[in-house]
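model.cif follows (mmCIF, C-alpha atoms):
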data_final
loop_
_atom_site.label_atom_id
_atom_site.label_comp_id
_atom_site.auth_asym_id
_atom_site.auth_seq_id
_atom_site.Cartn_x
_atom_site.Cartn_y
_atom_site.Cartn_z
CA MET A 1 -10.46 -11.92 -21.11
CA SER A 2 -8.44 -15.12 -21.52
CA ARG A 3 -5.27 -15.66 -19.57
CA GLY A 4 -3.34 -15.56 -22.85
CA ALA A 5 -4.19 -11.91 -23.51
CA PRO A 6 -1.66 -9.49 -22.01
CA LEU A 7 -2.98 -7.53 -19.05
CA ARG A 8 -3.02 -3.86 -20.03
CA VAL A 9 -1.64 -1.99 -17.01
CA ALA A 10 -1.99 1.72 -16.30
CA VAL A 11 0.15 3.39 -13.65
CA ALA A 12 -1.16 6.47 -11.84
CA GLY A 13 1.70 8.33 -10.19
CA LEU A 14 5.43 8.44 -10.85
CA GLY A 15 6.91 8.66 -7.39
CA ALA A 16 9.38 6.08 -6.12
CA VAL A 17 6.92 3.17 -6.42
CA GLY A 18 5.25 4.19 -9.67
CA THR A 19 8.59 4.80 -11.37
CA ALA A 20 9.88 1.37 -10.34
CA VAL A 21 6.70 -0.35 -11.56
CA VAL A 22 6.82 1.48 -14.89
CA ALA A 23 10.50 0.59 -15.39
CA ALA A 24 9.78 -3.10 -14.77
CA LEU A 25 6.84 -3.08 -17.17
CA GLU A 26 8.95 -1.34 -19.81
CA ALA A 27 11.65 -3.98 -19.36
CA GLY A 28 9.04 -6.71 -19.75
CA LEU A 29 6.81 -8.44 -17.22
CA PRO A 30 5.33 -11.75 -18.46
CA GLY A 31 1.62 -11.48 -19.13
CA CYS A 32 1.52 -7.71 -18.72
CA VAL A 33 2.03 -4.65 -20.89
CA LEU A 34 2.37 -1.00 -19.93
CA ALA A 35 -0.70 0.64 -21.47
CA ALA A 36 -0.75 4.20 -20.08
CA VAL A 37 0.73 6.47 -17.43
CA SER A 38 -0.56 9.48 -15.55
CA ALA A 39 1.38 11.89 -13.35
CA ARG A 40 1.09 15.38 -11.96
CA ASP A 41 3.51 16.74 -14.59
CA LEU A 42 2.56 15.07 -17.87
CA GLY A 43 5.44 16.62 -19.81
CA ALA A 44 8.06 15.45 -17.33
CA ALA A 45 6.47 12.00 -17.29
CA ARG A 46 6.72 11.70 -21.07
CA ALA A 47 10.39 12.63 -20.93
CA ARG A 48 11.10 9.91 -18.36
CA LEU A 49 9.46 7.04 -20.21
CA ALA A 50 11.54 4.72 -22.34
CA ALA A 51 8.50 3.24 -24.08
CA ASP A 52 6.14 5.10 -26.37
CA VAL A 53 2.97 4.85 -24.28
CA PRO A 54 0.17 7.36 -23.73
CA VAL A 55 0.74 9.83 -20.89
CA VAL A 56 -2.68 11.20 -20.02
CA PRO A 57 -4.69 12.87 -17.25
CA LEU A 58 -6.18 10.54 -14.62
CA GLU A 59 -9.66 10.72 -16.12
CA ASP A 60 -8.38 9.36 -19.45
CA LEU A 61 -6.69 6.22 -18.12
CA GLU A 62 -9.62 3.81 -17.92
CA PRO A 63 -10.36 3.27 -21.65
CA LEU A 64 -6.69 2.40 -22.21
CA ALA A 65 -6.18 -0.32 -19.60
CA ASP A 66 -7.63 -3.36 -17.84
CA ILE A 67 -6.18 -2.49 -14.44
CA VAL A 68 -4.63 0.56 -12.80
CA VAL A 69 -1.86 0.69 -10.22
CA GLU A 70 -2.57 3.56 -7.82
CA ALA A 71 0.80 4.99 -6.76
CA ALA A 72 -0.29 8.56 -6.20
CA PRO A 73 -1.11 10.76 -3.19
CA ALA A 74 -3.88 9.17 -1.13
CA ALA A 75 -6.32 12.00 -1.81
CA LEU A 76 -6.41 11.00 -5.49
CA LEU A 77 -7.54 7.40 -4.88
CA PRO A 78 -11.25 7.96 -5.66
CA ALA A 79 -10.49 9.82 -8.89
CA ILE A 80 -8.18 7.01 -10.00
CA ALA A 81 -10.29 4.06 -8.90
CA GLU A 82 -13.89 5.04 -9.65
CA PRO A 83 -13.74 4.89 -13.49
CA PHE A 84 -12.05 1.48 -13.45
CA LEU A 85 -14.46 0.01 -10.90
CA ARG A 86 -17.50 1.33 -12.76
CA ALA A 87 -16.15 -0.44 -15.84
CA GLY A 88 -15.80 -3.69 -13.91
CA LYS A 89 -12.01 -3.51 -13.99
CA GLY A 90 -9.25 -3.84 -11.41
CA VAL A 91 -7.45 -1.37 -9.15
CA VAL A 92 -4.22 -2.13 -7.28
CA VAL A 93 -4.31 0.16 -4.25
CA LEU A 94 -1.17 1.24 -2.42
CA SER A 95 -2.87 4.00 -0.41
CA ALA A 96 -4.71 1.42 1.67
CA GLY A 97 -5.40 3.95 4.41
CA ALA A 98 -7.48 5.98 1.97
CA LEU A 99 -9.84 3.02 1.56
CA LEU A 100 -11.03 3.61 5.12
CA ARG A 101 -12.25 7.06 4.07
CA ALA A 102 -13.55 5.93 0.68
CA GLY A 103 -15.67 2.91 1.50
CA HIS A 104 -17.90 3.64 -1.47
CA LEU A 105 -15.15 2.23 -3.70
CA ILE A 106 -15.80 -1.23 -2.28
CA ASP A 107 -19.50 -0.75 -2.98
CA LEU A 108 -18.69 0.22 -6.58
CA ALA A 109 -16.52 -2.88 -7.02
CA ARG A 110 -19.34 -5.04 -5.69
CA GLU A 111 -21.98 -3.39 -7.88
CA TYR A 112 -20.08 -3.39 -11.17
CA GLY A 113 -17.93 -6.51 -10.80
CA GLY A 114 -14.63 -4.72 -10.38
CA GLN A 115 -11.93 -5.68 -7.91
CA ILE A 116 -9.71 -3.78 -5.50
CA THR A 117 -6.40 -5.48 -4.70
CA VAL A 118 -4.19 -4.38 -1.82
CA PRO A 119 -0.77 -5.99 -2.38
CA THR A 120 1.24 -7.38 0.51
CA GLY A 121 3.61 -4.44 0.19
CA ALA A 122 6.00 -3.93 3.08
CA LEU A 123 4.46 -6.61 5.29
CA LEU A 124 4.77 -10.36 5.29
CA GLY A 125 2.24 -12.90 6.45
CA LEU A 126 -1.02 -11.43 5.18
CA ASP A 127 -1.92 -14.84 3.74
CA ALA A 128 -1.64 -16.35 7.20
CA VAL A 129 -3.71 -13.57 8.75
CA ALA A 130 -6.40 -13.89 6.08
CA ALA A 131 -6.49 -17.66 6.60
CA ALA A 132 -6.82 -17.22 10.37
CA ALA A 133 -9.66 -14.77 9.78
CA GLU A 134 -11.70 -17.58 8.25
CA GLY A 135 -11.85 -18.83 11.84
CA VAL A 136 -11.68 -16.63 14.93
CA ILE A 137 -8.86 -14.17 15.55
CA HIS A 138 -8.65 -13.06 19.16
CA SER A 139 -6.06 -10.30 18.75
CA VAL A 140 -3.66 -8.71 16.29
CA ARG A 141 -0.87 -6.44 17.49
CA MET A 142 1.62 -4.59 15.33
CA VAL A 143 4.67 -2.59 16.36
CA THR A 144 6.28 -0.40 13.70
CA ARG A 145 9.69 1.18 14.19
CA LYS A 146 10.98 3.70 11.68
CA PRO A 147 14.03 5.88 11.15
CA VAL A 148 13.36 9.46 12.19
CA ARG A 149 13.47 10.81 8.64
CA GLY A 150 10.75 8.38 7.61
CA LEU A 151 8.28 9.97 10.04
CA LEU A 152 9.16 13.64 9.76
CA GLY A 153 6.20 15.81 8.79
CA ALA A 154 3.50 13.28 9.69
CA PRO A 155 0.29 15.20 10.49
CA TYR A 156 -0.11 13.44 13.85
CA LEU A 157 3.31 14.59 14.98
CA VAL A 158 2.73 18.15 13.78
CA GLU A 159 -0.72 18.45 15.36
CA ASN A 160 0.45 17.01 18.69
CA LYS A 161 3.72 18.97 18.67
CA ILE A 162 5.82 15.81 18.95
CA ALA A 163 9.39 16.73 18.04
CA ILE A 164 11.57 13.84 16.91
CA GLU A 165 14.37 15.59 15.00
CA GLU A 166 16.80 15.56 17.93
CA ILE A 167 15.84 12.39 19.79
CA THR A 168 18.73 10.15 20.86
CA GLU A 169 16.77 7.04 21.85
CA PRO A 170 13.63 5.27 20.62
CA LEU A 171 10.42 7.22 21.22
CA ARG A 172 6.89 5.84 20.99
CA VAL A 173 4.96 8.46 19.05
CA PHE A 174 1.62 6.68 18.62
CA LYS A 175 -0.51 3.99 20.22
CA GLY A 176 -3.95 3.28 18.84
CA THR A 177 -5.63 1.68 15.82
CA PRO A 178 -4.85 1.57 12.10
CA ARG A 179 -7.93 3.71 11.44
CA GLU A 180 -6.48 6.47 13.59
CA ALA A 181 -3.00 5.98 12.15
CA ALA A 182 -4.29 6.24 8.58
CA ILE A 183 -5.33 9.81 9.36
CA GLY A 184 -2.29 10.81 11.39
CA PHE A 185 0.34 9.05 9.29
CA PRO A 186 -1.11 8.89 5.75
CA ALA A 187 2.23 8.30 4.02
CA ASN A 188 3.56 5.76 6.51
CA LEU A 189 1.02 3.23 7.73
CA ASN A 190 -0.77 1.80 4.71
CA VAL A 191 0.86 -1.44 5.83
CA ALA A 192 -1.06 -1.39 9.12
CA VAL A 193 -4.33 -0.81 7.30
CA ALA A 194 -3.61 -3.74 4.97
CA LEU A 195 -2.98 -5.93 8.01
CA SER A 196 -6.25 -4.84 9.59
CA LEU A 197 -8.24 -5.47 6.42
CA ALA A 198 -6.80 -8.99 6.18
CA GLY A 199 -7.64 -9.70 9.80
CA ILE A 200 -10.04 -8.25 12.39
CA GLY A 201 -10.54 -4.77 11.03
CA PRO A 202 -9.08 -1.29 11.52
CA ASP A 203 -10.74 -0.69 14.90
CA ARG A 204 -9.70 -3.89 16.72
CA THR A 205 -6.11 -4.15 15.50
CA GLU A 206 -3.61 -2.72 18.00
CA LEU A 207 -0.80 -0.54 16.69
CA GLU A 208 2.27 1.18 18.08
CA ILE A 209 4.60 3.47 16.11
CA TRP A 210 8.12 4.23 17.29
CA ALA A 211 10.69 6.69 15.97
CA ASP A 212 14.16 5.22 16.38
CA PRO A 213 17.27 7.30 15.57
CA ALA A 214 19.44 4.15 15.44
CA LEU A 215 17.46 2.53 12.62
CA THR A 216 18.13 2.70 8.89
CA ARG A 217 15.28 0.34 7.94
CA ASN A 218 11.52 0.35 8.45
CA THR A 219 10.69 -2.54 10.78
CA HIS A 220 7.34 -4.18 11.51
CA ARG A 221 6.48 -6.92 13.98
CA ILE A 222 3.10 -8.64 14.09
CA GLU A 223 1.67 -10.89 16.80
CA VAL A 224 -1.54 -12.82 16.11
CA GLU A 225 -3.61 -14.96 18.46
CA ALA A 226 -6.34 -17.04 16.80
CA ASP A 227 -8.28 -20.23 17.37
CA SER A 228 -6.31 -21.88 14.56
CA ALA A 229 -2.79 -20.66 15.32
CA SER A 230 -0.63 -18.27 17.27
CA PHE A 231 2.16 -16.66 15.28
CA SER A 232 4.51 -13.70 15.15
CA MET A 233 6.37 -12.22 12.22
CA SER A 234 8.91 -9.45 11.72
CA ILE A 235 10.41 -7.74 8.71
CA GLU A 236 13.04 -5.05 8.12
CA ASN A 237 12.48 -3.09 4.91
CA ILE A 238 15.14 -1.08 3.11
CA PRO A 239 13.73 2.39 2.28
CA SER A 240 13.40 3.48 -1.33
CA GLU A 241 14.36 6.92 -2.61
CA ASN A 242 11.33 8.04 -0.61
CA PRO A 243 12.23 7.30 3.04
CA LYS A 244 8.55 6.76 3.87
CA THR A 245 8.32 3.80 1.45
CA GLY A 246 10.25 0.53 1.36
CA ARG A 247 11.83 -0.83 -1.81
CA ILE A 248 9.82 -4.04 -1.44
CA THR A 249 6.55 -2.14 -1.97
CA ALA A 250 7.10 -1.76 -5.73
CA LEU A 251 8.27 -5.37 -5.95
CA SER A 252 5.07 -6.53 -4.28
CA VAL A 253 3.06 -4.74 -6.98
CA LEU A 254 5.04 -6.53 -9.68
CA ALA A 255 4.51 -9.88 -7.95
CA CYS A 256 0.79 -9.12 -7.75
CA LEU A 257 0.59 -8.31 -11.48
CA ARG A 258 2.67 -11.33 -12.43
CA ARG A 259 0.35 -13.68 -10.51
CA MET A 260 -2.69 -12.35 -12.35
CA ARG A 261 -1.50 -13.98 -15.57
CA ALA A 262 0.65 -16.81 -14.17
CA PRO A 263 -0.14 -20.48 -14.97
CA LEU A 264 0.87 -21.35 -11.37
CA ARG A 265 -0.22 -19.15 -8.48
CA VAL A 266 1.29 -19.74 -5.05
CA GLY A 267 -0.44 -18.17 -2.07
CA THR A 268 -3.99 -16.97 -1.53
#

structure tokens encoding of this file:
Amino acid sequence: MSRGAPLRVAVAGLGAVGTAVVAALEAGLPGCVLAAVSARDLGAARARLAADVPVVPLEDLEPLADIVVEAAPAALLPAIAEPFLRAGKGVVVLSAGALLRAGHLIDLAREYGGQITVPTGALLGLDAVAAAAEGVIHSVRMVTRKPVRGLLGAPYLVENKIAIEEITEPLRVFKGTPREAAIGFPANLNVAVALSLAGIGPDRTELEIWADPALTRNTHRIEVEADSASFSMSIENIPSENPKTGRITALSVLACLRRMRAPLRVGT
């Protein structure tokens, strides 16, 4: 497809991120057009759309679009991604943690010429980490601090009987790897998985998660030691309507889509 042809975008999921992406596409995103939408409640989804676009089950999205934005529960990632990858098309994955349990999707992309894109999302500096990974990275450490309401209900907390509702000072609730966090905090730590995939992998990256009753923003700090550079980065993200997700996540998807058809692309 030439760069002049609009990129037909499907959106799977109409939560906080999916709704924001759909609204931006409906308003007009250069080089892109909203081609189809899927959601758990198809009737409600049709009622919410301003544009007259097909609202279809997940399995019917692929023939209608060139790329799909996965903004659905992590368990649905294979069902969303497989048809597009088998057709040699693109998938923008927000449930990055689910990729660790669905490695066959990468094999499908390789076999059929498709591509999986994990947008920067709530984390800055992935370009620098990916560049450093072309050399030797010695260590990557990430510390995430979240408001209490952004962590409530996480499976790791429930299974380990860690109560955070009444804490009055910061509490470290997890120390381990992104692979472990992707299981214990499936709605919270896709950002850590994205960092690990850009760098030294989900088993060597070090991760801490803190619940902090004084915070109103999701904060992440990264420290990287490599043979090419040593650097640290921090970001404070304003939560969206879903306290587990930052507002910048949807914006990162839009930036990703915009770059796919842009005449000038800045960043790797």

Taking the file above as input, evaluate the PyMOL selection byres ((chain A and resi 205) around 10) and report the hits as a ChimeraX atom specification.
/A:138-142,176-179,192-193,195-197,199-204,206-207,224

Spatial neighbours of region 46-57 of chain A, 12 Å, only C-alpha atoms, chain gap at least 4 places, as a count of residues only:
36

For the structure provided, state which residues fall under the PyMOL selection byres ((chain A and resi 236-241) around 10), and present them as an MDAnalysis selection string.
chainID A and resid 15:17 20 122:123 144:147 150 215:221 234:235 242:250

Measure the distance from CA of Phe231 (chain A) to CA of Ala181 (chain A) in Å and round it to one decimal.
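Distance reported for this atom pair: 23.4 Å.
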
Would you mind telling me which residue in A:Ala262, A:Pro155, A:Ala255, A:Val191 lies nearest to Gly125 (chain A) when using only C-alpha atoms?
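The answer is A:Val191, which sits nearest to Gly125 (chain A).
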
Using only C-alpha atoms: which of A:Gly113, A:Gly135, A:Pro186, A:Pro213 has the shortest distance to Val148 (chain A):
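Selected residue with least distance to Val148 (chain A): A:Pro213.
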
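Atom to atom, CA of Glu223 (chain A) and CA of Glu180 (chain A) stand 19.4 Å apart.
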
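What separates CA of Leu77 (chain A) from CA of Leu157 (chain A) is a distance of 23.7 Å.
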
Surrounding residues of region 160-175 of chain A excluding itself and chain neighbours under 6 positions, 6 Å, all atoms listed in the file, as a PDB file with C-alpha atoms, in the frame of the given file:
ATOM      1  CA  LEU A 207      -0.800  -0.540  16.690  1.00  0.00           C
ATOM      2  CA  GLU A 208       2.270   1.180  18.080  1.00  0.00           C
ATOM      3  CA  ILE A 209       4.600   3.470  16.110  1.00  0.00           C
ATOM      4  CA  TRP A 210       8.120   4.230  17.290  1.00  0.00           C
ATOM      5  CA  ALA A 211      10.690   6.690  15.970  1.00  0.00           C
ATOM      6  CA  ASP A 212      14.160   5.220  16.380  1.00  0.00           C
TER       7      ASP A 212
END

Please, what is the axis-aligned box for every listed atom of region 183-198 of chain A with 8 Å on each side, as centre and edge lengths in Å to one decimal, as lines of an AutoDock Vina configuration file?
center_x = -2.3
center_y = 0.9
center_z = 7.7
size_x = 27.8
size_y = 35.8
size_z = 23.4

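Using all atoms listed in the file, the nearest neighbour of Ala187 (chain A) within the list A:Cys32, A:Ala132, A:Asp60, A:Ala98 is A:Ala98.
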
Of the candidates A:Ala133, A:Ile183, A:Leu94, A:Val158, which one gets nearest to Ser252 (chain A) if we count all atoms listed in the file?
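Of the candidates, the smallest distance to Ser252 (chain A) is held by A:Leu94.
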
Residues selected by the PyMOL selection byres ((chain A and resi 115) around 9), written as a count of residues only
13

Neighbours of Arg259 (chain A) within 12 Å (all atoms listed in the file; same-chain residues fewer than 6 positions away dropped), as an MDAnalysis selection string?
chainID A and resid 3 7 29:32 119 252:253 265:268

Which residue gives the smallest distance to Ala96 (chain A) among A:Ala130, A:Val136, A:Ala198, A:Leu151, with only C-alpha atoms counted?
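Closest residue, counting only C-alpha atoms: A:Ala198.
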